[in-house]
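> Below you will find the structure I want to go over with you.
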Amino acid sequence: MAGSQKTHSSIPSCTDPILAARRDAIKQLAGGFSDRVAVLDRDFNVIYANEFAWAEKASQLSDHQAKCYEAFAHRNDPCGTCPATKLYESPEVQSVACSVGGDGTACGMHQAFPLVSSSGKVDSVLVLFKAPTKPAKQTSGERVESKYESKLGELIGSSAPMREVLDMIRLVADSSATVLIQGESGTGKELVAKTIHRTSYRWDKPFVVVDCGSLTETLLESELFGHVKGAFTGAHATKRGLFEEADGGTIFLDEIADTTATFQAKLLRVLQEGEIKPVGGTQPIKIDARVISATNKDLVKLVKAKAFRQDLYYRLAVLPLSLPPLRDRQEDIPLLVQHFVAASCKRHRQPVRTISPEVMQALTETSWPGNVRELQHYLERAVVTTTGPALSCADLVTAGSKSAEHDLRSVSRGAVTQAERIWIVQALQQAGGNRVKAARLLKISRASLYNKLRDYCIE
């Protein structure tokens, strides 16, 4: 059995440099991982599987004939349906999940991710398997596990998209491979990078953040790589770069898409050689810092448009991670609201405020184009600018009208919102709560009244 595992655990040589880098990263990750991980090709052959993936039956299989359904599902024939095939049929699909039952797959696959070659084609898939089912009597333990999955560090979410993100963070945390985090502004890319660092073996080493978009090319190079005395005007002393400051820890390169082609070439060399050369210096310095980068732009499109180096993209995206916008994980909003309100009350020395079901529903149904950051700032503004034991819909409308914009259109919109709400409340009072009569008094349709009652959280 041990010998069989050793043979099966080796990844075949690959001529494609991108696939080779990704398979090496998977091997580094999965080798010490206690969950089952495997890589499969188009014909369901097992290219790689870590020690925990192999069942006892796998020891009887030939190295060149091991099929996933034989090794992991104990079947002689392929499963009835395998969602992993969608990754080959639709390259735009980023991941698929599987539920066991009926004629579906029985291997216990939890998720599958495409492994793309340098030509942009899906060559193979990375499969993560479900953890073994716990006995039914451990219901309290299952509740604890569910709670654990909804929070990792400061990351909060129990929706399917966020569970995928949290699972991937746990998977990649202890690797030294580069991670590329992509997502819209406000989705929490820096928080994800910090969580990866804090859950890794580097947790007690520095976590250094660099905003690449706010620095010029020359300044960015000096900040990251350091400089020697006299390297340029104003360099009165030798300065250590941020890569050196992050040695042993993690360096987070935010807004990596905003860097110039010249800087990208120098960063690529750092990633390839594992060493930096200070500005004006001649001796390279070895560094051991894990690189996590982030962007809110589509790097694949930028690569195709020749606006970002392809070789650097593949170096940065050994372990790609996509963050969902808040509109795609609305079921997480109640958890986030409770967390942000409690944190704001504590920060501003106020008693904890409660949130009514009507307020929570209104917040959940909002699209939040600024994502989690917008929600957080909106709630903090509501906490600071209002009083009382609970946040009401009126508080939220008031907080929302006090935006940073002070142009005439914004002021008019806020005034109209407040006036409409007052007129609707007065009409309902005059009509004794009868909504049909209130609509007649307001000279609007019942449907319009119902919509406004919902928008303004009027019961």
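Each chain in the structure tokens gets a letter, A, B, ..., in the order shown, and its residues are numbered from 1; ligands are numbered from 1 in order too.
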Residues at most 10 Å from range 440-456 of chain A, counting only C-alpha atoms, excluding those fewer than 3 positions away in the same chain, as a list of chain:residue names?
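After dropping sequence-adjacent residues, the list is A:Glu358, A:Val359, A:Gln361, A:Ala362, A:Glu365, A:Thr366, A:Cys393, A:Ala394, A:Leu396, A:Val397, A:Thr417, A:Gln418, A:Glu420, A:Arg421, A:Trp423, A:Ile424, A:Val425, A:Gln426, A:Ala427, A:Leu428, A:Gln430, A:Ala431, A:Arg435, A:Val436, A:Lys437, A:Glu459.
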> List every residue of range 200-241 of chain A that DSSP, applied to the backbone of this structure, assigns to strand (DSSP E or B), and report them as number ranges by chain.
A: 207-211, 226-227, 239-240
> Take the residues that were just selected and, keeping C-alpha atoms, output them as a PDB file, in the first residue's frame.

```pdb
ATOM      1  CA  PHE A 207       2.546  41.061   6.354  1.00  0.00           C
ATOM      2  CA  VAL A 208       3.482  43.981   4.111  1.00  0.00           C
ATOM      3  CA  VAL A 209       0.918  45.807   1.958  1.00  0.00           C
ATOM      4  CA  VAL A 210       1.912  47.725  -1.183  1.00  0.00           C
ATOM      5  CA  ASP A 211      -0.563  49.833  -3.169  1.00  0.00           C
ATOM      6  CA  GLY A 226      15.208  49.328  -1.759  1.00  0.00           C
ATOM      7  CA  HIS A 227      18.098  51.558  -2.846  1.00  0.00           C
ATOM      8  CA  LYS A 239      17.157  51.911   2.453  1.00  0.00           C
ATOM      9  CA  ARG A 240      15.809  48.380   2.780  1.00  0.00           C
TER      10      ARG A 240
END
```
> A:Thr216, A:Gln272, A:Thr387, A:Ser150: which is nearest Arg353 in chain A, counting only C-alpha atoms?
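Ranked by minimum distance to Arg353 in chain A, first place goes to A:Thr387.
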> State, in Å with one decimal place, the distance from CA of Arg23 in chain A to CA of Ser175 in chain A.
12.7 Å
> Tell me, which residues of range 190-428 of chain A carry DSSP helix (DSSP H, G or I), written as a PyMOL selection string?
chain A and resi 190-198+212-214+217-225+242-245+256-258+261-273+299-304+310-316+326-328+330-347+357-364+371-385+393-401+408-428
> Restricting the calculation to only C-alpha atoms: of A:Ala49, A:Val352, A:Val291, A:Ile156, which residue gets closest to Ala193 in chain A?
A:Val291
> So which residues touch Pro206 in chain A within 7 Å, counting only C-alpha atoms, skipping near sequence neighbours fewer than 6 positions away, as a PyMOL selection string?
chain A and resi 246+249-250
> Quick one, how far is CA of Thr259 in chain A from CA of Cys212 in chain A?
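Going from CA of Thr259 in chain A over to CA of Cys212 in chain A, I get 6.5 Å.
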> Fewer than 4 positions away in the same chain doesn't count, so skip those; otherwise give me all residues within 8 Å of range 37-39 of chain A, counting only C-alpha atoms, as an MDAnalysis selection string.
chainID A and resid 30 46:50 52:53 124:129
> What does the file look like for those residues with C-alpha atoms, as a PDB file, in the first residue's frame?

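Once written, selection22.pdb looks like this:
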```pdb
ATOM      1  CA  ALA A  30      -1.768  18.488  -1.186  1.00  0.00           C
ATOM      2  CA  VAL A  46      -5.719   9.958 -12.265  1.00  0.00           C
ATOM      3  CA  ILE A  47      -2.686  12.130 -13.029  1.00  0.00           C
ATOM      4  CA  TYR A  48      -2.019  12.818  -9.367  1.00  0.00           C
ATOM      5  CA  ALA A  49      -3.611  12.084  -6.001  1.00  0.00           C
ATOM      6  CA  ASN A  50      -2.307  12.767  -2.534  1.00  0.00           C
ATOM      7  CA  PHE A  52      -5.328  10.564   1.622  1.00  0.00           C
ATOM      8  CA  ALA A  53      -7.146  10.297  -1.716  1.00  0.00           C
ATOM      9  CA  SER A 124      -6.966  18.730 -16.663  1.00  0.00           C
ATOM     10  CA  VAL A 125      -9.003  19.367 -13.526  1.00  0.00           C
ATOM     11  CA  LEU A 126      -8.192  19.699  -9.849  1.00  0.00           C
ATOM     12  CA  VAL A 127     -10.694  17.814  -7.675  1.00  0.00           C
ATOM     13  CA  LEU A 128     -11.361  18.408  -3.990  1.00  0.00           C
ATOM     14  CA  PHE A 129     -13.294  15.654  -2.244  1.00  0.00           C
TER      15      PHE A 129
END
```
> Can you tell me how far CA of Ala438 in chain A sits from CA of Ser392 in chain A, in Å to one decimal?
22.5 Å
> Of the residues A:Arg315, A:Lys189, A:Lys346, A:His197, which is the one nearest to Asp254 in chain A, using only C-alpha atoms?
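Result for the nearest residue to Asp254 in chain A: A:Lys189.
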> Looking at only C-alpha atoms, which of A:Phe252, A:Leu155, A:Leu115, A:Phe72 is the one that sits closest to Thr187 in chain A?
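Looking only at the distances to Thr187 in chain A, the closest residue turns out to be A:Leu155.
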> Nearest to Gly157 in chain A: which of A:Leu268, A:Leu336, A:Met109, A:Ile196 is it, counting only C-alpha atoms?
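Looking only at the distances to Gly157 in chain A, the closest residue turns out to be A:Leu336.
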